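J.: Here's a structure for you.
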Amino acid sequence: MRLPVVRQREKAAYVLPSNTLERRGFMYKYIGEYPKNRENGWSDEAQGVCHDDFNWFFTQKGKLWKFPVGHDLDSQIEESDIDGKNIICNHYGYHLGDIDYHNGYIFVPVTEDDKPYIAVFSAEDLSYITRQVITRDGDYYDSLGWCAIDASGERLYTSDRNMAAYYGEDTSPIVVYDIDYDAIAEKSDHFLSYKAVLILRTEGGSKMCLTHSQGGCFDEENNLYLTNGYPRCHKQRGLFIFSVPKTLEKYQRYDVYRIAKSKQDGVFKFKFKVSQGEEPEGITYWDLKKAGHEAPEISGVLHVIMIDNYGVNDDDLYFKH
């Protein structure tokens, strides 16, 4: 699918609302990690995380998992345990990135045979429903590492792994697609249609360069959270929050500004050691207290996967909250 040409007129800029600016600096307080430094049967190449009202969903290379919120994620599990614990594992043998949920469906970015696509699975039993290969300007994406559904549930956001503004004007922006849920129900291979693009900028307005985007999600206020980083990537590593407009005009280009960046310590802490191969991965927003859930040893609202790639055994999983 070739994307329509963006209208040749002044870019649509987005001004941050004052109440969002006032929230900067105290948005998140680090709680802890659980599981921590754990090889639990699905930790190897753990990539993505999302949730519905009652369950966690995770991806690793070649597998999609569903765990009830009451399941202890630190416990060892290798395969489905539907009768005993209502745990489901679907083997889907490709690279599965960071995922999101809406309207009974799990949206999964898949990299296969140099033609990445968005696959859709049933949240009930993880059965495969359909997929759509998407392109930018007639070219296939290099890799789809993440996708995220905004607060409205009507739009899907994704990008190439490398969002590098210094390669040229808007070389690899975030692309926004409208979702047609009726088409998904009919198992159509065309359920996403191009909407707009987002250009990431710092608070001061400079274009940002994220060279290894790993995860994304939205909160209830339509703020977009992104994870970026790999041991050998550009210095822009960690978690980033951007304020995204709730209404987008078709075929427009929007500058969206960073409102927070994680640090190794202090306010909005997300600590990881690049020298030891630790890598941020998937991210999801779930206010467990507000939802009335008690997840074993887990609390908070923002939940991020980090894996340790070093060693010859399975990757070690850290689930930060």
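All residue names refer to the structure tokens as shown: chains lettered A, B, ... in order, residues numbered from 1 in each chain, ligands numbered from 1 in order.
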From a backbone DSSP assignment, name each residue in range 51-249 of chain A labelled alpha helix (DSSP H), as an MDAnalysis selection string.
T.: chainID A and resid 82:85 181:185
J.: Please produce a file of those selected residues containing C-alpha atoms, as an mmCIF file, in the first residue's frame.
T.:
```cif
data_model
loop_
_atom_site.group_PDB
_atom_site.id
_atom_site.type_symbol
_atom_site.label_atom_id
_atom_site.label_comp_id
_atom_site.auth_asym_id
_atom_site.auth_seq_id
_atom_site.Cartn_x
_atom_site.Cartn_y
_atom_site.Cartn_z
ATOM 1 C CA ILE A 82 -5.575 -23.939 30.008
ATOM 2 C CA ASP A 83 -7.366 -26.352 32.340
ATOM 3 C CA GLY A 84 -5.263 -25.673 35.401
ATOM 4 C CA LYS A 85 -4.352 -21.977 35.243
ATOM 5 C CA TYR A 181 -12.891 -3.389 13.142
ATOM 6 C CA ASP A 182 -15.625 -4.600 10.793
ATOM 7 C CA ALA A 183 -12.923 -5.556 8.297
ATOM 8 C CA ILE A 184 -11.082 -7.482 11.019
ATOM 9 C CA ALA A 185 -14.267 -9.376 11.903
#
```
J.: Among range 13-239 of chain A, which ones does DSSP assign to strand (DSSP E or B) (computed from the backbone)? Answer as a PyMOL selection string.
T.: chain A and resi 13+33+38+46-51+55-60+63-68+81+87-91+95-96+98+100-102+105-111+117-122+128-133+135-136+139-140+144-149+155-160+163-164+174-179+192-201+207+209-210+213-218+223-228+238-239
J.: Between A:Ile283, A:Leu200, A:Cys209, A:Ala123, which has the minimum distance to Phe242 in chain A (counting only C-alpha atoms)?
T.: A:Leu200
J.: Counting only C-alpha atoms, which of A:Gly204, A:Ser213, A:Lys187, A:Gly300 gets nearest to Tyr28 in chain A?
T.: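 Using only C-alpha atoms, the shortest distance to Tyr28 in chain A belongs to A:Gly300.
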J.: Using only C-alpha atoms, pick whichever of A:Val108, A:Ile149, A:Ile129, A:Ile88 has the shortest atom-to-atom distance to Trp65 in chain A.
T.: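 Using only C-alpha atoms, the shortest distance to Trp65 in chain A belongs to A:Ile88.
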J.: Considering only C-alpha atoms, tabulate each residue of range 195-246 of chain A that lies at most 12 Å from range 45-63 of chain A along with its nearest interatomic pair and the corresponding distance in Å to one decimal; arrange the rows by chain and ascending residue number and present them as a tab-separated table.
T.:
```
residue	atom	partner	partner_atom	distance
A:Ser213	CA	A:Gln47	CA	11.5
A:Gln214	CA	A:Gln47	CA	7.8
A:Gly215	CA	A:Gly48	CA	7.0
A:Gly216	CA	A:Gly48	CA	9.2
A:Cys217	CA	A:Cys50	CA	8.4
A:Phe218	CA	A:Cys50	CA	10.8
A:Thr227	CA	A:Gly48	CA	11.0
```
J.: Applying 12 Å and only C-alpha atoms, which residues near Ser152 in chain A remain after dropping the ones on its own chain fewer than 3 positions away? List them as number ranges by chain.
T.: A: 102-103, 148-149, 155-156, 178-179, 218-223, 244-248
J.: Using only C-alpha atoms, please write the residues we just selected to a file, as a JSON list (two decimals), in the first residue's frame.
T.:
```json
[["chain", "number", "residue", "atom", "x", "y", "z"],
["A", 102, "HIS", "CA", -8.47, -3.21, 21.90],
["A", 103, "ASN", "CA", -12.02, -4.40, 21.28],
["A", 148, "ALA", "CA", 0.16, 1.05, 19.97],
["A", 149, "ILE", "CA", -3.56, 1.86, 20.00],
["A", 155, "ARG", "CA", -6.04, 4.45, 15.51],
["A", 156, "LEU", "CA", -2.92, 2.30, 15.43],
["A", 178, "ASP", "CA", -7.30, 4.16, 11.13],
["A", 179, "ILE", "CA", -8.55, 0.74, 12.26],
["A", 218, "PHE", "CA", -0.83, 5.21, 25.32],
["A", 219, "ASP", "CA", -2.31, 6.37, 28.61],
["A", 220, "GLU", "CA", -5.85, 7.64, 29.20],
["A", 221, "GLU", "CA", -4.80, 11.21, 28.34],
["A", 222, "ASN", "CA", -3.44, 10.15, 24.94],
["A", 223, "ASN", "CA", 0.20, 10.56, 25.92],
["A", 244, "VAL", "CA", -0.20, 13.51, 21.09],
["A", 245, "PRO", "CA", -3.34, 15.35, 19.88],
["A", 246, "LYS", "CA", -6.57, 13.43, 20.29],
["A", 247, "THR", "CA", -7.85, 14.56, 16.89],
["A", 248, "LEU", "CA", -5.83, 14.10, 13.69]]
```
J.: One number please: CA of Trp42 in chain A to CA of Ser143 in chain A, in Å, one decimal.
T.: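 Result for CA of Trp42 in chain A versus CA of Ser143 in chain A: 22.2 Å, one decimal.
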J.: CA of Ile106 in chain A and CA of Leu192 in chain A, how far apart in Å?
T.: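 We find that CA of Leu192 in chain A and CA of Ile106 in chain A lie 14.2 Å from each other.
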J.: Between CA of Phe191 in chain A and CA of Pro173 in chain A, what distance in Å does the model show, to one decimal?
T.: 20.8 Å
J.: Could you name the residues that touch Gln132 in chain A at 6 Å or less, counting only C-alpha atoms, but leaving out those on the same chain fewer than 6 positions away, as a PDB file with C-alpha atoms, in the first residue's frame?
T.:
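Below is the file part.pdb, written as the result:
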```
ATOM      1  CA  TYR A 117       3.018  -6.779   8.857  1.00  0.00           C
ATOM      2  CA  ILE A 118       0.441  -6.243  11.574  1.00  0.00           C
ATOM      3  CA  ASP A 189      -6.334  -8.249   4.799  1.00  0.00           C
ATOM      4  CA  HIS A 190      -7.042  -4.521   4.579  1.00  0.00           C
TER       5      HIS A 190
END
```
J.: May I ask which of the residues A:Tyr318, A:Phe270, A:Tyr251, A:Tyr157 is the closest one to Asn228 in chain A, counting only C-alpha atoms?
T.: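 Closest residue, counting only C-alpha atoms: A:Phe270.
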J.: Which of these residues is nearest to Pro116 in chain A, using only C-alpha atoms: A:Arg253, A:Arg237, A:His91, A:Arg161?
T.: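 Among the listed residues, A:Arg161 lies closest to Pro116 in chain A.
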J.: Which is closer to Val256 in chain A than all the others in A:Glu281, A:Asp44, A:Glu203, A:Asp137, using only C-alpha atoms?
T.: A:Glu203
J.: List the neighbours of Leu73 in chain A out to 9 Å using only C-alpha atoms; skip same-chain residues closer than 3 positions along the sequence, and give me the result as a VMD selection string.
T.: chain A and resid 34 to 35 40 67 69 to 70 76 to 77 295 to 296
J.: Near Thr202 in chain A, within 8 Å and counting only C-alpha atoms, which residues show up once chain neighbours fewer than 2 positions away are dropped, as JSON, numbers by chain?
T.: {"A": [200, 204, 205, 206, 207, 208, 257, 258, 259]}
J.: Please produce a file of those selected residues containing N, CA and C atoms, as a PDB file, in the first residue's frame.
T.:
```pdb
ATOM      1  N   LEU A 200       8.763  13.332  15.898  1.00  0.00           N
ATOM      2  CA  LEU A 200       9.136  13.469  17.302  1.00  0.00           C
ATOM      3  C   LEU A 200      10.113  14.618  17.492  1.00  0.00           C
ATOM      4  N   GLY A 204      12.577  21.458  23.287  1.00  0.00           N
ATOM      5  CA  GLY A 204      13.026  22.671  22.624  1.00  0.00           C
ATOM      6  C   GLY A 204      12.713  22.733  21.143  1.00  0.00           C
ATOM      7  N   GLY A 205      12.185  21.650  20.572  1.00  0.00           N
ATOM      8  CA  GLY A 205      11.774  21.674  19.169  1.00  0.00           C
ATOM      9  C   GLY A 205      12.702  20.947  18.218  1.00  0.00           C
ATOM     10  N   SER A 206      13.846  20.450  18.692  1.00  0.00           N
ATOM     11  CA  SER A 206      14.763  19.730  17.805  1.00  0.00           C
ATOM     12  C   SER A 206      14.204  18.357  17.460  1.00  0.00           C
ATOM     13  N   LYS A 207      14.442  17.917  16.232  1.00  0.00           N
ATOM     14  CA  LYS A 207      14.002  16.580  15.851  1.00  0.00           C
ATOM     15  C   LYS A 207      14.780  15.531  16.633  1.00  0.00           C
ATOM     16  N   MET A 208      14.069  14.473  17.001  1.00  0.00           N
ATOM     17  CA  MET A 208      14.692  13.413  17.772  1.00  0.00           C
ATOM     18  C   MET A 208      15.091  12.250  16.878  1.00  0.00           C
ATOM     19  N   TYR A 257       5.785  16.741  20.862  1.00  0.00           N
ATOM     20  CA  TYR A 257       6.910  17.143  21.694  1.00  0.00           C
ATOM     21  C   TYR A 257       7.068  16.242  22.919  1.00  0.00           C
ATOM     22  N   ARG A 258       8.314  15.975  23.233  1.00  0.00           N
ATOM     23  CA  ARG A 258       8.635  15.165  24.403  1.00  0.00           C
ATOM     24  C   ARG A 258       8.285  15.933  25.670  1.00  0.00           C
ATOM     25  N   ILE A 259       7.629  15.259  26.596  1.00  0.00           N
ATOM     26  CA  ILE A 259       7.304  15.899  27.872  1.00  0.00           C
ATOM     27  C   ILE A 259       8.042  15.248  29.035  1.00  0.00           C
TER      28      ILE A 259
END
```
J.: Find the residues near Lys261 in chain A: any atom within 9 Å, counting only C-alpha atoms, skip ones fewer than 3 places away on the same chain, and give them as a list in words.
T.: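 My list of contacting residues is Gly238, Leu239, Phe240, Ile241, Arg258 and Phe268 of chain A.
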